[in-house]
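Okay, entry.txt now, which holds compact mmCIF, C-alpha atoms and all ligand atoms:
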```
# COMPACT_ATOMS: atom_id res chain seq x y z
CA MET A 1 24.47 -2.54 6.62
CA LYS A 2 20.87 -1.69 6.38
CA ALA A 3 20.26 0.87 9.09
CA SER A 4 16.75 -0.21 9.28
CA THR A 5 15.75 -1.12 12.66
CA PRO A 6 12.19 -0.14 11.99
CA ALA A 7 12.27 2.16 14.98
CA LEU A 8 15.08 4.12 13.45
CA CYS A 9 13.48 3.98 10.05
CA ALA A 10 10.30 5.51 11.26
CA THR A 11 11.31 7.62 14.20
CA LEU A 12 13.45 9.90 12.12
CA MET A 13 10.50 10.57 9.91
CA LEU A 14 7.77 11.09 12.36
CA ALA A 15 7.99 14.76 13.06
CA PRO A 16 7.05 16.32 9.72
CA LEU A 17 4.86 13.59 8.37
CA VAL A 18 3.04 12.15 11.30
CA LEU A 19 2.26 15.48 12.84
CA SER A 20 0.71 16.62 9.61
CA GLY A 21 -1.48 13.55 9.63
CA CYS A 22 -2.26 13.45 13.31
CA GLY A 23 -5.96 13.45 13.88
CA ALA A 24 -6.63 14.54 10.33
CA VAL A 25 -9.01 12.01 8.91
CA ALA A 26 -9.39 13.81 5.61
CA PRO A 27 -6.14 13.88 3.66
CA THR A 28 -4.74 17.19 2.58
CA THR A 29 -4.94 18.28 -1.02
CA LEU A 30 -1.71 17.75 -2.90
CA ASN A 31 -0.87 16.67 -6.40
CA ALA A 32 -3.39 15.60 -9.00
CA ALA A 33 -3.61 12.00 -10.08
CA LYS A 34 -2.42 10.84 -13.41
CA PRO A 35 -5.38 9.85 -15.57
CA SER A 36 -4.11 6.37 -16.18
CA ALA A 37 -1.07 4.27 -15.57
CA PRO A 38 0.59 1.59 -17.66
CA LYS A 39 0.43 -1.93 -16.35
CA ALA A 40 4.06 -2.80 -15.86
CA HIS A 41 3.40 -6.37 -14.85
CA ARG A 42 0.53 -8.55 -13.95
CA SER A 43 -1.29 -7.20 -10.96
CA ALA A 44 -2.58 -9.24 -8.10
CA VAL A 45 -5.98 -10.02 -9.50
CA ASN A 46 -8.32 -12.19 -7.58
CA PRO A 47 -9.88 -14.65 -9.99
CA LYS A 48 -12.96 -14.72 -7.78
CA GLU A 49 -13.41 -10.98 -8.09
CA THR A 50 -13.35 -10.30 -11.79
CA ALA A 51 -14.73 -6.88 -12.58
CA PRO A 52 -17.41 -6.49 -15.22
CA THR A 53 -15.71 -5.61 -18.47
CA SER A 54 -18.47 -6.31 -20.95
CA VAL A 55 -19.95 -3.45 -22.95
CA PRO A 56 -22.30 -1.77 -22.26
CA ASP A 57 -21.44 -1.16 -18.63
CA PRO A 58 -24.46 0.51 -17.04
CA LYS A 59 -23.87 3.29 -14.56
CA PRO A 60 -23.96 1.96 -11.01
CA THR A 61 -26.44 3.40 -8.54
CA ALA A 62 -24.33 3.07 -5.41
CA GLY A 63 -20.76 3.51 -4.27
CA ASN A 64 -18.43 6.22 -3.08
CA GLU A 65 -15.24 6.07 -5.06
CA LEU A 66 -13.98 9.39 -3.72
CA GLY A 67 -13.72 8.11 -0.15
CA VAL A 68 -10.48 7.42 1.69
CA VAL A 69 -8.41 4.23 1.62
CA PRO A 70 -6.52 2.86 4.63
CA ILE A 71 -2.99 1.78 3.69
CA LEU A 72 -1.52 -0.14 6.60
CA GLU A 73 2.18 -0.14 7.41
CA TYR A 74 4.01 -3.04 9.04
CA HIS A 75 7.64 -3.74 9.78
CA ASN A 76 8.60 -6.78 11.86
CA ILE A 77 6.54 -9.74 13.00
CA GLY A 78 7.60 -11.22 16.32
CA PRO A 79 6.61 -12.88 19.59
CA THR A 80 5.78 -9.65 21.42
CA GLU A 81 3.99 -6.48 20.40
CA GLY A 82 6.30 -3.53 19.79
CA ARG A 83 6.06 -0.05 18.38
CA TRP A 84 7.38 -1.43 15.08
CA GLN A 85 6.56 -5.10 15.59
CA ARG A 86 3.27 -6.96 15.35
CA THR A 87 2.68 -10.46 16.65
CA PRO A 88 1.13 -13.13 14.43
CA ARG A 89 -1.93 -12.89 16.67
CA GLY A 90 -2.04 -9.12 16.18
CA LEU A 91 -1.74 -9.38 12.41
CA THR A 92 -4.49 -11.98 12.40
CA ALA A 93 -6.65 -9.63 14.47
CA ASP A 94 -6.06 -6.85 11.93
CA LEU A 95 -7.05 -9.13 9.07
CA THR A 96 -10.13 -10.24 10.98
CA TRP A 97 -11.16 -6.63 11.57
CA LEU A 98 -10.77 -5.82 7.88
CA TYR A 99 -12.70 -8.93 6.92
CA GLU A 100 -15.54 -8.23 9.31
CA HIS A 101 -15.82 -4.59 8.21
CA ASN A 102 -16.28 -5.30 4.52
CA PHE A 103 -12.79 -4.45 3.28
CA ALA A 104 -11.08 -6.01 0.27
CA LEU A 105 -7.30 -6.06 -0.02
CA VAL A 106 -5.51 -4.61 -3.03
CA THR A 107 -1.84 -3.87 -3.74
CA MET A 108 -0.26 -0.41 -3.74
CA GLN A 109 -0.03 -0.64 -7.52
CA GLN A 110 -3.75 -1.34 -7.80
CA TYR A 111 -4.55 1.56 -5.47
CA GLU A 112 -2.16 3.99 -7.15
CA SER A 113 -3.40 3.16 -10.63
CA GLY A 114 -7.08 3.18 -9.63
CA ASP A 115 -7.38 -0.35 -11.02
CA MET A 116 -8.67 -1.93 -7.83
CA ASN A 117 -11.16 -4.38 -9.26
CA ILE A 118 -13.11 -5.22 -6.11
CA PRO A 119 -16.78 -6.14 -5.75
CA ALA A 120 -19.53 -3.59 -5.26
CA GLY A 121 -19.90 -2.47 -1.68
CA LYS A 122 -16.36 -3.38 -0.61
CA HIS A 123 -13.85 -0.88 0.79
CA PRO A 124 -10.28 -1.22 -0.50
CA ALA A 125 -7.38 -1.48 1.95
CA VAL A 126 -3.66 -2.10 1.40
CA LEU A 127 -1.19 -4.03 3.55
CA THR A 128 2.44 -2.92 3.24
CA PHE A 129 5.55 -4.46 4.81
CA ASP A 130 8.80 -2.47 4.85
CA ASP A 131 12.48 -3.43 4.94
CA GLY A 132 12.27 -7.13 4.00
CA ASP A 133 12.90 -8.21 7.58
CA TYR A 134 13.46 -11.96 7.96
CA SER A 135 10.37 -12.17 10.16
CA GLN A 136 8.17 -11.23 7.24
CA PHE A 137 8.92 -14.36 5.26
CA GLN A 138 10.38 -17.59 6.63
CA TRP A 139 9.64 -20.94 5.08
CA THR A 140 10.33 -24.64 5.50
CA SER A 141 12.72 -26.69 3.39
CA ALA A 142 9.67 -27.49 1.26
CA HIS A 143 9.06 -23.76 0.79
CA ILE A 144 5.95 -23.64 2.93
CA PRO A 145 5.67 -20.27 4.73
CA THR A 146 6.07 -20.72 8.46
CA PRO A 147 3.01 -19.76 10.51
CA THR A 148 4.86 -17.20 12.60
CA SER A 149 6.04 -15.17 9.60
CA ALA A 150 3.91 -12.47 8.03
CA VAL A 151 3.45 -14.44 4.84
CA GLY A 152 2.49 -17.51 6.86
CA VAL A 153 -0.15 -15.52 8.73
CA LEU A 154 -1.51 -14.12 5.47
CA GLU A 155 -1.64 -17.53 3.84
CA ALA A 156 -3.35 -19.10 6.86
CA PHE A 157 -5.96 -16.34 6.92
CA ALA A 158 -6.57 -16.77 3.21
CA ALA A 159 -7.04 -20.51 3.65
CA ALA A 160 -9.53 -19.97 6.46
CA HIS A 161 -11.42 -17.26 4.56
CA PRO A 162 -11.74 -18.33 0.95
CA ASP A 163 -14.07 -15.39 0.24
CA PHE A 164 -11.32 -12.91 1.21
CA HIS A 165 -8.57 -12.21 -1.29
CA VAL A 166 -5.29 -11.75 0.59
CA THR A 167 -2.49 -9.71 -0.94
CA ALA A 168 0.15 -7.21 0.20
CA THR A 169 3.00 -5.03 -1.00
CA PHE A 170 6.56 -5.68 0.23
CA PHE A 171 8.91 -2.69 0.06
CA LEU A 172 12.37 -4.21 -0.26
CA ASN A 173 16.05 -3.41 0.04
CA ALA A 174 18.78 -5.73 -1.23
CA ASN A 175 18.80 -9.35 -0.01
CA PRO A 176 15.47 -9.38 1.85
CA PHE A 177 14.02 -11.95 4.25
CA GLY A 178 17.35 -13.20 5.65
CA SER A 179 17.77 -16.17 3.31
CA ASP A 180 16.57 -17.48 -0.05
CA SER A 181 15.92 -13.87 -1.06
CA VAL A 182 15.50 -14.46 -4.77
CA ALA A 183 13.38 -17.58 -4.39
CA LYS A 184 11.10 -15.83 -1.90
CA MET A 185 10.72 -12.80 -4.15
CA GLN A 186 9.75 -15.10 -7.01
CA TRP A 187 7.30 -16.94 -4.75
CA LEU A 188 5.67 -13.67 -3.70
CA VAL A 189 5.12 -12.52 -7.27
CA ALA A 190 3.85 -15.95 -8.28
CA HIS A 191 1.34 -15.78 -5.42
CA GLY A 192 -0.01 -12.35 -6.34
CA PHE A 193 1.96 -10.15 -3.96
CA GLU A 194 3.62 -6.91 -5.06
CA LEU A 195 7.30 -6.08 -4.71
CA GLY A 196 8.13 -2.40 -4.24
CA ASN A 197 11.41 -0.49 -4.15
CA HIS A 198 12.72 0.81 -0.79
CA THR A 199 16.28 1.67 -2.05
CA TYR A 200 19.21 -0.73 -2.23
CA THR A 201 20.77 0.08 1.14
CA HIS A 202 17.87 1.75 2.96
CA ALA A 203 19.41 5.12 2.17
CA ASN A 204 18.21 8.52 3.28
CA ILE A 205 17.72 9.98 -0.16
CA ASN A 206 17.42 13.48 1.24
CA SER A 207 21.14 13.28 2.02
CA LEU A 208 21.97 12.43 -1.60
CA ASN A 209 22.19 14.38 -4.85
CA ALA A 210 20.26 13.30 -7.93
CA GLN A 211 23.03 10.95 -9.07
CA GLY A 212 23.15 9.33 -5.65
CA ILE A 213 19.40 8.95 -5.57
CA GLU A 214 19.37 7.29 -8.97
CA LYS A 215 22.10 4.88 -7.86
CA GLU A 216 20.20 3.84 -4.70
CA ILE A 217 16.88 3.39 -6.44
CA GLY A 218 18.34 2.06 -9.69
CA GLU A 219 20.39 -0.64 -8.00
CA GLU A 220 17.30 -1.90 -6.15
CA GLU A 221 15.14 -1.68 -9.26
CA THR A 222 17.74 -3.71 -11.17
CA TYR A 223 18.07 -6.16 -8.28
CA ILE A 224 14.33 -6.89 -8.23
CA GLU A 225 14.05 -7.05 -12.01
CA HIS A 226 16.92 -9.55 -12.16
CA ALA A 227 15.50 -11.60 -9.28
CA VAL A 228 12.09 -11.84 -10.92
CA PRO A 229 12.58 -11.66 -14.67
CA GLY A 230 9.89 -9.60 -16.36
CA TYR A 231 8.82 -7.89 -13.17
CA VAL A 232 9.02 -4.08 -13.02
CA PRO A 233 8.46 -2.44 -9.61
CA VAL A 234 6.23 0.64 -9.85
CA SER A 235 5.71 1.41 -6.15
CA PHE A 236 8.28 3.05 -3.89
CA ALA A 237 8.51 3.67 -0.16
CA LEU A 238 10.83 6.32 1.22
CA PRO A 239 13.24 5.39 4.00
CA TYR A 240 13.32 8.12 6.65
CA GLY A 241 11.93 11.15 4.91
CA GLY A 242 9.62 12.80 2.48
CA LEU A 243 10.17 13.48 -1.18
CA PRO A 244 13.00 15.94 -1.87
CA GLN A 245 11.98 19.52 -2.57
CA ASP A 246 14.55 19.99 -5.31
CA ALA A 247 12.99 19.38 -8.73
CA ALA A 248 15.91 17.38 -10.14
CA ASP A 249 16.04 15.21 -7.03
CA ARG A 250 12.28 14.56 -7.20
CA THR A 251 12.60 13.58 -10.84
CA ALA A 252 15.43 11.22 -9.91
CA VAL A 253 13.11 9.52 -7.43
CA LEU A 254 10.01 9.34 -9.58
CA ASP A 255 11.30 8.95 -13.14
CA GLY A 256 14.99 8.13 -12.95
CA THR A 257 17.44 6.11 -14.98
CA TYR A 258 20.52 4.26 -13.78
CA GLN A 259 22.86 2.20 -15.96
CA GLY A 260 20.16 1.38 -18.48
CA THR A 261 17.35 0.76 -15.99
CA SER A 262 14.54 3.31 -15.94
CA TRP A 263 11.58 3.55 -13.61
CA HIS A 264 8.35 5.41 -13.25
CA PHE A 265 6.75 5.21 -9.83
CA LEU A 266 3.00 5.50 -9.49
CA GLY A 267 3.29 6.48 -5.85
CA VAL A 268 5.73 7.06 -3.02
CA ALA A 269 4.61 5.63 0.31
CA LEU A 270 5.23 7.74 3.41
CA VAL A 271 5.65 6.62 7.02
CA GLY A 272 2.68 8.46 8.44
CA ALA A 273 -0.05 8.63 9.29
CA ASN A 274 -3.60 9.04 8.02
CA PRO A 275 -5.92 7.43 5.46
CA ALA A 276 -5.01 7.99 1.81
CA ALA A 277 -7.17 9.85 -0.68
CA SER A 278 -9.01 8.10 -3.46
CA PRO A 279 -6.86 7.85 -6.58
CA PHE A 280 -9.70 9.63 -8.40
CA SER A 281 -9.82 12.56 -5.98
CA ARG A 282 -8.23 15.97 -6.35
CA ALA A 283 -6.73 15.20 -2.95
CA PHE A 284 -4.73 12.23 -4.26
CA SER A 285 -1.02 12.77 -3.83
CA ILE A 286 1.86 10.84 -5.30
CA SER A 287 3.15 10.99 -1.71
CA VAL A 288 0.84 8.36 -0.24
CA PRO A 289 0.21 8.45 3.52
CA ARG A 290 0.02 5.23 5.47
CA ILE A 291 -1.47 4.25 8.82
CA GLN A 292 0.96 2.52 11.16
CA VAL A 293 -0.13 -0.63 12.95
CA CYS A 294 0.79 -1.52 16.50
CA ASP A 295 -0.89 -2.43 19.74
CA PRO A 296 -2.70 0.68 21.02
CA SER A 297 -1.14 0.28 24.48
CA LEU A 298 2.19 1.26 22.93
CA VAL A 299 1.25 4.77 21.83
CA ALA A 300 0.17 7.81 23.80
CA ALA A 301 -3.45 8.82 23.55
CA SER A 302 -2.37 11.97 21.75
CA THR A 303 -0.92 9.89 18.93
CA ARG A 304 -3.73 7.39 18.56
CA TYR A 305 -4.41 8.64 15.05
CA TYR A 306 -1.00 7.45 13.93
CA ILE A 307 -2.17 3.87 14.16
CA LEU A 308 -4.95 1.65 12.91
CA SER A 309 -6.78 1.28 16.19
CA GLY A 310 -7.33 5.05 16.23
CA TYR A 311 -9.38 4.75 13.07
CA GLU A 312 -11.23 1.49 13.66
CA SER A 313 -14.13 3.01 15.53
CA GLU A 314 -14.35 5.96 13.12
CA PHE A 315 -14.47 3.72 10.08
CA ALA A 316 -17.03 1.48 11.75
CA LYS A 317 -19.23 4.41 12.79
CA ASN A 318 -18.91 6.29 9.54
CA PRO A 319 -18.28 3.93 6.63
CA ALA A 320 -19.44 6.71 4.28
CA MET A 321 -16.01 8.28 4.68
CA LEU A 322 -14.41 5.22 3.09
CA TYR A 323 -13.95 4.45 -0.56
CA THR A 324 -16.76 2.06 -1.46
CA SER A 325 -16.61 0.23 -4.76
CA SER A 326 -19.44 0.50 -7.24
CA GLY A 327 -18.33 -2.76 -8.83
CA SER A 328 -17.84 -1.09 -12.20
CA ALA A 329 -14.41 -0.93 -13.80
CA LYS A 330 -15.64 1.79 -16.14
CA TRP A 331 -17.53 4.29 -14.00
CA ILE A 332 -16.35 6.27 -10.99
CA SER A 333 -19.37 6.57 -8.70
CA PHE A 334 -19.75 9.10 -5.89
CA PRO A 335 -22.45 11.13 -4.15
CA ALA A 336 -23.27 14.15 -6.32
CA ALA A 337 -22.58 16.45 -3.39
CA GLN A 338 -18.93 15.42 -3.60
CA ALA A 339 -18.56 16.12 -7.33
CA GLY A 340 -16.15 18.98 -6.66
CA GLN A 341 -13.65 16.50 -5.25
CA LEU A 342 -13.32 14.54 -8.50
CA ASN A 343 -10.02 14.99 -10.32
CA PRO A 344 -11.11 16.56 -13.64
CA ALA A 345 -8.90 14.07 -15.49
CA TYR A 346 -11.59 11.49 -14.69
CA SER A 347 -14.66 13.55 -15.59
CA ALA A 348 -15.52 11.36 -18.60
CA ARG A 349 -15.98 8.42 -16.23
CA ALA A 350 -17.97 10.33 -13.60
CA ASP A 351 -21.13 8.77 -12.21
CA ALA A 352 -22.53 11.37 -9.82
CA LEU A 353 -25.24 9.74 -7.73
CA THR A 354 -28.24 11.75 -6.63
CA GLU A 355 -29.66 10.99 -3.23
CA ALA A 356 -32.74 9.59 -4.91
CA ALA A 357 -30.71 7.23 -7.05
CA SER A 358 -28.70 6.06 -4.09
CA ALA A 359 -31.81 5.57 -2.01
CA ALA A 360 -33.48 3.57 -4.78
CA LYS A 361 -30.71 1.03 -4.65
ZN ZN B 401 12.44 1.28 5.99
```

What is this structure when it is put down as structure tokens?
Ligand SMILES: [Zn+2]
Amino acid sequence: MKASTPALCATLMLAPLVLSGCGAVAPTTLNAAKPSAPKAHRSAVNPKETAPTSVPDPKPTAGNELGVVPILEYHNIGPTEGRWQRTPRGLTADLTWLYEHNFALVTMQQYESGDMNIPAGKHPAVLTFDDGDYSQFQWTSAHIPTPTSAVGVLEAFAAAHPDFHVTATFFLNANPFGSDSVAKMQWLVAHGFELGNHTYTHANINSLNAQGIEKEIGEEETYIEHAVPGYVPVSFALPYGGLPQDAADRTAVLDGTYQGTSWHFLGVALVGANPAASPFSRAFSISVPRIQVCDPSLVAASTRYYILSGYESEFAKNPAMLYTSSGSAKWISFPAAQAGQLNPAYSARADALTEAASAAK
């Protein structure tokens, strides 16, 4: 049985991770980013938002691609707001807020690889849904997502906002969404959503040795790859805890092999609880923090920075803190004063903007 009431899933994790993120808008410096990542499968690319790829690609004169990225974390969708449950109305409100504040949605894979491909001036954001709860994806006999499920809400918002590309990442265990698991997984990939690995049985990998970790992750990786032939999950979310400290256990998580299936994860999503660093920043970590989403009445004021509403006014008041796309797929643009934050692996693509150049835009 999947021990994943979301409350249990997240509560056990909160102490070390959330407290470290509480109130800290700027992410802490951790591991360096990899300079590039292989494309394991087609990414969710919005045909309306094709990045310029022609050569030459002139250096942009605006953008801040070292700013932070909000990665939002959802569990259940239901008729009432809960600490780990959002209503369809609440999810629609979140989408509306993102839309009205100039965000563009990307998948975890796109964020982790730095291949976000969004128009100039837009801020990337990621929607993630954990545990494959049935409430995330119900559909009719004709395979139309029901309006009260997460996918139905996303599809309705996309239909009402054709200038807003809607996508999300679903972190799955075995047999997600209650019924029609395989068909729904195939539908999600066909509609540009990402499927990520969340272990086969929602296991606490910190209670396992390397062999046990590889079994949990490998069985889920194989399950998804068999469900959607040709699809290779590259994003992972940890049930319960952080990455193991032991080197062999960490390798088993990030670059393991199980019964002929190998994986390489671009990132490992955490439960809490602050904006994530730019993938081009020295502060980028393979352990990717996420911002939880729930009605603000359900958290104490002291924990308001665990959840999206705690950041909404800060992002609105200070959009300069956010990653802002330059529109160029080639150059990484940022204010020159922030040049020290650039991961040196990306120095050949650096486009440091002087104040004068930015002002001339
Ligand atoms: Zn979970």

In Å to one decimal, how far is atom CA of Ser149 of chain A from atom CA of Ile77 of chain A?
6.4 Å

Out of A:Phe177, A:Trp97, A:Tyr74, A:Phe265, which residue has the shortest atom-to-atom distance to ligand ZN 401 (chain B) when counting all atoms listed in the file?
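Result for the nearest residue to ligand ZN 401 (chain B): A:Tyr74.
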
Could you tell me, as a list of chain:residue names, which residues have any atom at most 7 Å from (9.5, -4.0, 2.0), counting all atoms listed in the file?
A:Phe129, A:Asp130, A:Asp131, A:Gly132, A:Phe170, A:Phe171, A:Leu172, A:Asn173, A:Gly196, A:His198

If we count all atoms listed in the file and set the cut-off at 12 Å, which residues sit around Ser347 of chain A, ignoring sequence neighbours fewer than 4 positions away in its own chain? Please answer as a ChimeraX atom specification.
/A:35,280-282,330-334,339-343,351-352

Within 7 Å of segment 71-73 of chain A, counting only C-alpha atoms, which residues show up once you throw out same-chain ones fewer than 2 positions away? Write them as number ranges by chain, please.
A: 69, 75, 125-129, 275-276, 290-293

My list of candidates is A:Gly241, A:Pro335, A:Gly178, A:Pro58. Which is closest to ligand ZN 401 (chain B) when distances are computed with all atoms listed in the file?
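Nearest candidate to ligand ZN 401 (chain B) out of A:Gly241, A:Pro335, A:Gly178, A:Pro58: A:Gly241.
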
Minimum-distance residue to ligand ZN 401 (chain B), chosen among A:Met321, A:Ala301, A:Ile205, A:Ala329 (using only C-alpha atoms and all ligand atoms):
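Smallest distance to ligand ZN 401 (chain B) is found for A:Ile205.
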
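When all atoms listed in the file are used to measure the gap to ligand ZN 401 (chain B), the shortest distance among A:Asp255, A:Asp163, A:Asp133, A:Glu314 belongs to A:Asp133.
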
Of the candidates A:Glu221, A:Phe315, A:Gln110, A:Ile286, which shows the shortest atom-to-atom distance to Leu98 of chain A, using all atoms listed in the file?
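Once distances to Leu98 of chain A are computed over all atoms listed in the file, the minimum belongs to A:Phe315.
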
Two-atom distance - atom CA of Gly242 of chain A, atom CA of Tyr346 of chain A (Å):
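Between atom CA of Gly242 of chain A and atom CA of Tyr346 of chain A the gap works out to 27.3 Å.
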
Write out as a list in words each polymer residue whose atoms come within 12 Å of Ala158 of chain A, counting all atoms listed in the file; drop sequence neighbours fewer than 2 positions from it.
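The residues that qualify are Asn46, Thr92, Leu95, Thr96, Tyr99, Leu105, Val151, Gly152, Val153, Leu154, Glu155, Ala156, Ala160, His161, Pro162, Asp163, Phe164, His165, Val166, Thr167 and His191 of chain A.
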
For the residues selected in the previous step, produce a file with C-alpha atoms as an mmCIF file, in the coordinates of the input.
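In the end it all went to selection.cif:
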```
data_model
loop_
_atom_site.group_PDB
_atom_site.id
_atom_site.type_symbol
_atom_site.label_atom_id
_atom_site.label_comp_id
_atom_site.auth_asym_id
_atom_site.auth_seq_id
_atom_site.Cartn_x
_atom_site.Cartn_y
_atom_site.Cartn_z
ATOM 1 C CA ASN A 46 -8.320 -12.190 -7.580
ATOM 2 C CA THR A 92 -4.490 -11.980 12.400
ATOM 3 C CA LEU A 95 -7.050 -9.130 9.070
ATOM 4 C CA THR A 96 -10.130 -10.240 10.980
ATOM 5 C CA TYR A 99 -12.700 -8.930 6.920
ATOM 6 C CA LEU A 105 -7.300 -6.060 -0.020
ATOM 7 C CA VAL A 151 3.450 -14.440 4.840
ATOM 8 C CA GLY A 152 2.490 -17.510 6.860
ATOM 9 C CA VAL A 153 -0.150 -15.520 8.730
ATOM 10 C CA LEU A 154 -1.510 -14.120 5.470
ATOM 11 C CA GLU A 155 -1.640 -17.530 3.840
ATOM 12 C CA ALA A 156 -3.350 -19.100 6.860
ATOM 13 C CA ALA A 160 -9.530 -19.970 6.460
ATOM 14 C CA HIS A 161 -11.420 -17.260 4.560
ATOM 15 C CA PRO A 162 -11.740 -18.330 0.950
ATOM 16 C CA ASP A 163 -14.070 -15.390 0.240
ATOM 17 C CA PHE A 164 -11.320 -12.910 1.210
ATOM 18 C CA HIS A 165 -8.570 -12.210 -1.290
ATOM 19 C CA VAL A 166 -5.290 -11.750 0.590
ATOM 20 C CA THR A 167 -2.490 -9.710 -0.940
ATOM 21 C CA HIS A 191 1.340 -15.780 -5.420
#
```

Of the listed residues A:Ala247, A:Val288, A:Ala203, A:Ile118, that which approaches ligand ZN 401 (chain B) most closely, counting all atoms listed in the file:
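Of the candidates, the smallest distance to ligand ZN 401 (chain B) is held by A:Ala203.
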
Length of the atom CA of Pro279 of chain A to atom CA of Cys294 of chain A vector [Å]:
26.1 Å

Please provide the set of residues having any atom within 10 Å of Tyr223 of chain A, restricted to all atoms listed in the file, with same-chain residues fewer than 2 positions apart removed, written as a PyMOL selection string.
chain A and resi 173-175+182+197+200+217-221+225-228

Identify, on the basis of all atoms listed in the file, every residue whose closest approach to Leu254 of chain A does not exceed 9 Å; exclude the query and any residue fewer than 6 positions from it along the same chain; express the result as a VMD selection string.
chain A and resid 236 263 to 268

Could you write out that same residue set with C-alpha atoms as a short mmCIF file (atom, residue, chain, number, x, y, z; two decimals), keeping the file's coordinate frame?
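Resulting contents of selection.cif:
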```cif
data_model
loop_
_atom_site.label_atom_id
_atom_site.label_comp_id
_atom_site.auth_asym_id
_atom_site.auth_seq_id
_atom_site.Cartn_x
_atom_site.Cartn_y
_atom_site.Cartn_z
CA PHE A 236 8.28 3.05 -3.89
CA TRP A 263 11.58 3.55 -13.61
CA HIS A 264 8.35 5.41 -13.25
CA PHE A 265 6.75 5.21 -9.83
CA LEU A 266 3.00 5.50 -9.49
CA GLY A 267 3.29 6.48 -5.85
CA VAL A 268 5.73 7.06 -3.02
#
```

Once 6 Å is added on each side, what are the centre and the three edge lengths, in Å to one decimal, of the axis-aligned box enclosing the listed atoms of segment 201-209 of chain A? Present them as lines of an AutoDock Vina configuration file.
```
center_x = 19.8
center_y = 7.2
center_z = -0.8
size_x = 16.8
size_y = 26.3
size_z = 20.1
```
